[in-house]
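First the structure, in the form of structure tokens, and then the observations on it.
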Amino acid sequence: RRFLSLALVAAVTACSEPTKPDASATALTLFPEIKKSGLVECPTDGFLTASAYLDPLALVDQVVSVGAHSVSVPPGALPLGVPPLLTLTVPPSKYVEIVVTVNGLPHFQFAQPVTVTIDYGRCTRSDIDRDPLRVWNIDPLFKTFIADMGGVDDKVARTVTFQTDHFSGYAIAQ
């Protein structure tokens, strides 16, 4: 009898008209800082890429750059073994973004932080000169925010530099 009663209640509920959300209800925001931040739009149709094999035993920083974008890997950041291939790509996009991979993998973990610099020199918008810009770790395919990487915005050089211990996609945001 209990089962029959529960099934009847579930059927009636499932067939009822949907109700409008209460106007006083507040939306759940998992990342409230995302609402205050938007990816910087400065479209480019160009495609830039650079790759280099890195020496895990190097005693100096190893830098891979394309244009004014760069990745600097300090000594001791790489696991010992086969030299990894680091690729820095600036895809055609309406956003100021880069994708960094090691051995073609979308994610890579370093033993210590590496320094990444993203150039926004192609942007001619004056509104990005007012407030400091920052970098977000994004999903390169869907452009969704994953983590706020922070960064130092150099308004003269028009770059944002940050440190990370992993690679993925990154974009500049306001």
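Here, A, B, ... name the chains of the structure tokens in the order displayed, residue numbers run from 1 inside each chain, and ligands are numbered from 1 in the same displayed order.
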
Run DSSP on the backbone of this structure and report the residues of range 10-160 of chain A it assigns to strand (DSSP E), as a PyMOL selection string. chain A and resi 41-44+48-53+62-66+69-73+85-90+93-95+97-102+108-119+134-138+145-150+152-154+159-160

Find the residues around Asp119 in chain A up to 10 Å (only C-alpha atoms counted), leave out those fewer than 4 positions away in its own chain, and share them as number ranges by chain. A: 66-70, 96-98, 123, 153-154, 157-161, 172

Selected residues written out, N, CA and C atoms, as a tab-separated table (two decimals), in the first residue's frame:
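Done, and the output landed in selection-v3.tsv:
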```
chain	number	residue	atom	x	y	z
A	66	VAL	N	56.06	32.68	-28.18
A	66	VAL	CA	55.49	32.94	-29.50
A	66	VAL	C	54.93	34.36	-29.41
A	67	GLY	N	55.45	35.24	-30.28
A	67	GLY	CA	55.10	36.65	-30.14
A	67	GLY	C	55.59	37.12	-28.78
A	68	ALA	N	54.77	37.85	-28.06
A	68	ALA	CA	55.15	38.31	-26.71
A	68	ALA	C	54.58	37.40	-25.61
A	69	HIS	N	53.98	36.28	-26.00
A	69	HIS	CA	53.50	35.28	-25.03
A	69	HIS	C	54.68	34.37	-24.69
A	70	SER	N	54.80	33.97	-23.43
A	70	SER	CA	55.92	33.10	-23.08
A	70	SER	C	55.61	32.22	-21.88
A	96	VAL	N	41.51	36.96	-25.56
A	96	VAL	CA	42.97	36.92	-25.43
A	96	VAL	C	43.28	35.66	-24.64
A	97	GLU	N	43.62	34.60	-25.35
A	97	GLU	CA	43.82	33.31	-24.70
A	97	GLU	C	45.00	32.56	-25.28
A	98	ILE	N	45.51	31.63	-24.49
A	98	ILE	CA	46.56	30.72	-24.93
A	98	ILE	C	46.21	29.32	-24.45
A	123	CYS	N	45.06	44.39	-28.32
A	123	CYS	CA	43.83	45.06	-27.88
A	123	CYS	C	43.98	46.57	-28.00
A	153	ASP	N	49.49	42.68	-13.94
A	153	ASP	CA	49.15	43.36	-15.18
A	153	ASP	C	50.14	44.50	-15.42
A	154	ASP	N	50.93	44.38	-16.46
A	154	ASP	CA	51.88	45.44	-16.84
A	154	ASP	C	51.22	46.25	-17.95
A	157	ALA	N	53.79	47.25	-20.89
A	157	ALA	CA	54.13	46.14	-21.80
A	157	ALA	C	52.88	45.48	-22.38
A	158	ARG	N	51.72	45.73	-21.76
A	158	ARG	CA	50.44	45.14	-22.14
A	158	ARG	C	50.50	43.61	-22.05
A	159	THR	N	50.96	43.15	-20.88
A	159	THR	CA	51.03	41.72	-20.59
A	159	THR	C	50.50	41.46	-19.19
A	160	VAL	N	50.06	40.23	-18.96
A	160	VAL	CA	49.73	39.76	-17.61
A	160	VAL	C	50.59	38.53	-17.37
A	161	THR	N	51.32	38.54	-16.26
A	161	THR	CA	52.22	37.44	-15.91
A	161	THR	C	51.72	36.79	-14.63
A	172	ILE	N	42.80	36.11	-20.50
A	172	ILE	CA	42.81	37.34	-19.71
A	172	ILE	C	41.37	37.77	-19.47
```

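Non-sequential neighbours of Pro92 in chain A (distance at most 12 Å, separation of 4 or more positions within a chain, only C-alpha atoms) are Glu41, Cys42, Pro43, Thr44, Asp45, Gly46, Phe47, Leu48, Thr49, Val96, Glu97, Ile98, Val99 and Pro140 of chain A.
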
Which residue gives the smallest distance to Pro74 in chain A among A:Val40, A:Ala50, A:Val114, A:Leu57, with only C-alpha atoms counted?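 Of all the options, A:Val114 lies closest to Pro74 in chain A.
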
Measuring atom to atom with only C-alpha atoms, identify which of A:Val73, A:Leu133, A:Ala171, A:Val100 is nearest to Ile146 in chain A.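 Comparing A:Val73, A:Leu133, A:Ala171, A:Val100 against Ile146 in chain A, the winner is A:Ala171.
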
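Among the candidates A:Asp127, A:Val71, A:Leu80, A:Pro132, the one nearest to Gln163 in chain A when counting only C-alpha atoms is A:Val71.
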
Please return as a list in words: the residues of range 108-169 of chain A that backbone DSSP assigns to helix (DSSP H, G or I). Ser126, Asp127, Ile128 and Asp129 of chain A

Quick one: pull the distance between CA of Gly169 in chain A and CA of Ile128 in chain A, Å, one decimal.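 Computing it gives 21.0 Å between the two atoms.
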
Report as a ChimeraX atom specification all protein, DNA and RNA residues lying within 7 Å of Phe167 in chain A, evaluated on only C-alpha atoms, omitting residues in the same chain fewer than 6 positions from it. /A:100-101,107-109

May I have the residues within 8 Å of Ala111 in chain A as a tab-separated table (two decimals) with N, CA, C and O atoms, in the first residue's frame, using only C-alpha atoms and disregarding those fewer than 5 positions away in the same chain?
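Full text of result_31.tsv as output:
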```
chain	number	residue	atom	x	y	z
A	76	GLY	N	64.37	22.11	-12.11
A	76	GLY	CA	63.71	21.27	-11.11
A	76	GLY	C	62.20	21.17	-11.25
A	76	GLY	O	61.55	20.47	-10.47
A	77	ALA	N	61.61	21.85	-12.22
A	77	ALA	CA	60.15	21.81	-12.37
A	77	ALA	C	59.68	20.60	-13.16
A	77	ALA	O	58.51	20.24	-13.08
A	78	LEU	N	60.59	19.97	-13.89
A	78	LEU	CA	60.21	18.84	-14.75
A	78	LEU	C	60.60	17.50	-14.13
A	78	LEU	O	61.65	17.40	-13.50
A	79	PRO	N	59.79	16.48	-14.34
A	79	PRO	CA	60.18	15.15	-13.88
A	79	PRO	C	61.34	14.63	-14.72
A	79	PRO	O	61.48	15.00	-15.89
A	165	ASP	N	51.34	25.74	-11.49
A	165	ASP	CA	52.05	24.46	-11.43
A	165	ASP	C	51.41	23.43	-12.36
A	165	ASP	O	51.74	22.26	-12.33
```

Quick one: of A:Leu59, A:Gly121, A:Tyr170, A:Leu54, who's nearest to Pro91 in chain A, counting only C-alpha atoms?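 Of A:Leu59, A:Gly121, A:Tyr170, A:Leu54, the one nearest Pro91 in chain A, counting only C-alpha atoms, is A:Tyr170.
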
Calculated over only C-alpha atoms, which of the candidates A:Asn103, A:Gln112, A:Thr87, A:Thr144 has the smallest distance to Pro75 in chain A?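 Closest to Pro75 in chain A, using only C-alpha atoms: A:Gln112.
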
Find the spatial neighbours of Phe162 in chain A, counting only C-alpha atoms, within a cut-off of 10 Å - ignore same-chain residues fewer than 5 positions away - and output them as a ChimeraX atom specification. /A:71,113-118,134-136,149-153

Can you tell me which residues surround Ser51 in chain A at a distance of at most 7 Å, considering only C-alpha atoms, apart from same-chain residues fewer than 4 positions away, and format the answer as a PyMOL selection string? chain A and resi 64+85-88

Dump as a PDB file, in the first residue's frame, selection limited to N, CA and C atoms:
```
ATOM      1  N   VAL A  64      59.856  29.133 -23.671  1.00  0.00           N
ATOM      2  CA  VAL A  64      59.213  28.911 -24.961  1.00  0.00           C
ATOM      3  C   VAL A  64      58.323  30.124 -25.176  1.00  0.00           C
ATOM      4  N   LEU A  85      57.961  17.744 -24.603  1.00  0.00           N
ATOM      5  CA  LEU A  85      57.729  18.736 -25.639  1.00  0.00           C
ATOM      6  C   LEU A  85      56.675  19.715 -25.140  1.00  0.00           C
ATOM      7  N   LEU A  86      57.079  20.974 -24.904  1.00  0.00           N
ATOM      8  CA  LEU A  86      56.157  22.006 -24.461  1.00  0.00           C
ATOM      9  C   LEU A  86      55.691  22.778 -25.689  1.00  0.00           C
ATOM     10  N   THR A  87      54.371  22.941 -25.836  1.00  0.00           N
ATOM     11  CA  THR A  87      53.795  23.675 -26.958  1.00  0.00           C
ATOM     12  C   THR A  87      52.929  24.804 -26.428  1.00  0.00           C
ATOM     13  N   LEU A  88      53.208  26.006 -26.918  1.00  0.00           N
ATOM     14  CA  LEU A  88      52.451  27.209 -26.570  1.00  0.00           C
ATOM     15  C   LEU A  88      51.700  27.630 -27.825  1.00  0.00           C
TER      16      LEU A  88
END
```

Just give me the gap between CA of Gly81 in chain A and CA of Pro56 in chain A in Å, one decimal is fine. 7.2 Å

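Straight-line separation from CA of Gln174 in chain A to CA of Asp131 in chain A: 7.4 Å.
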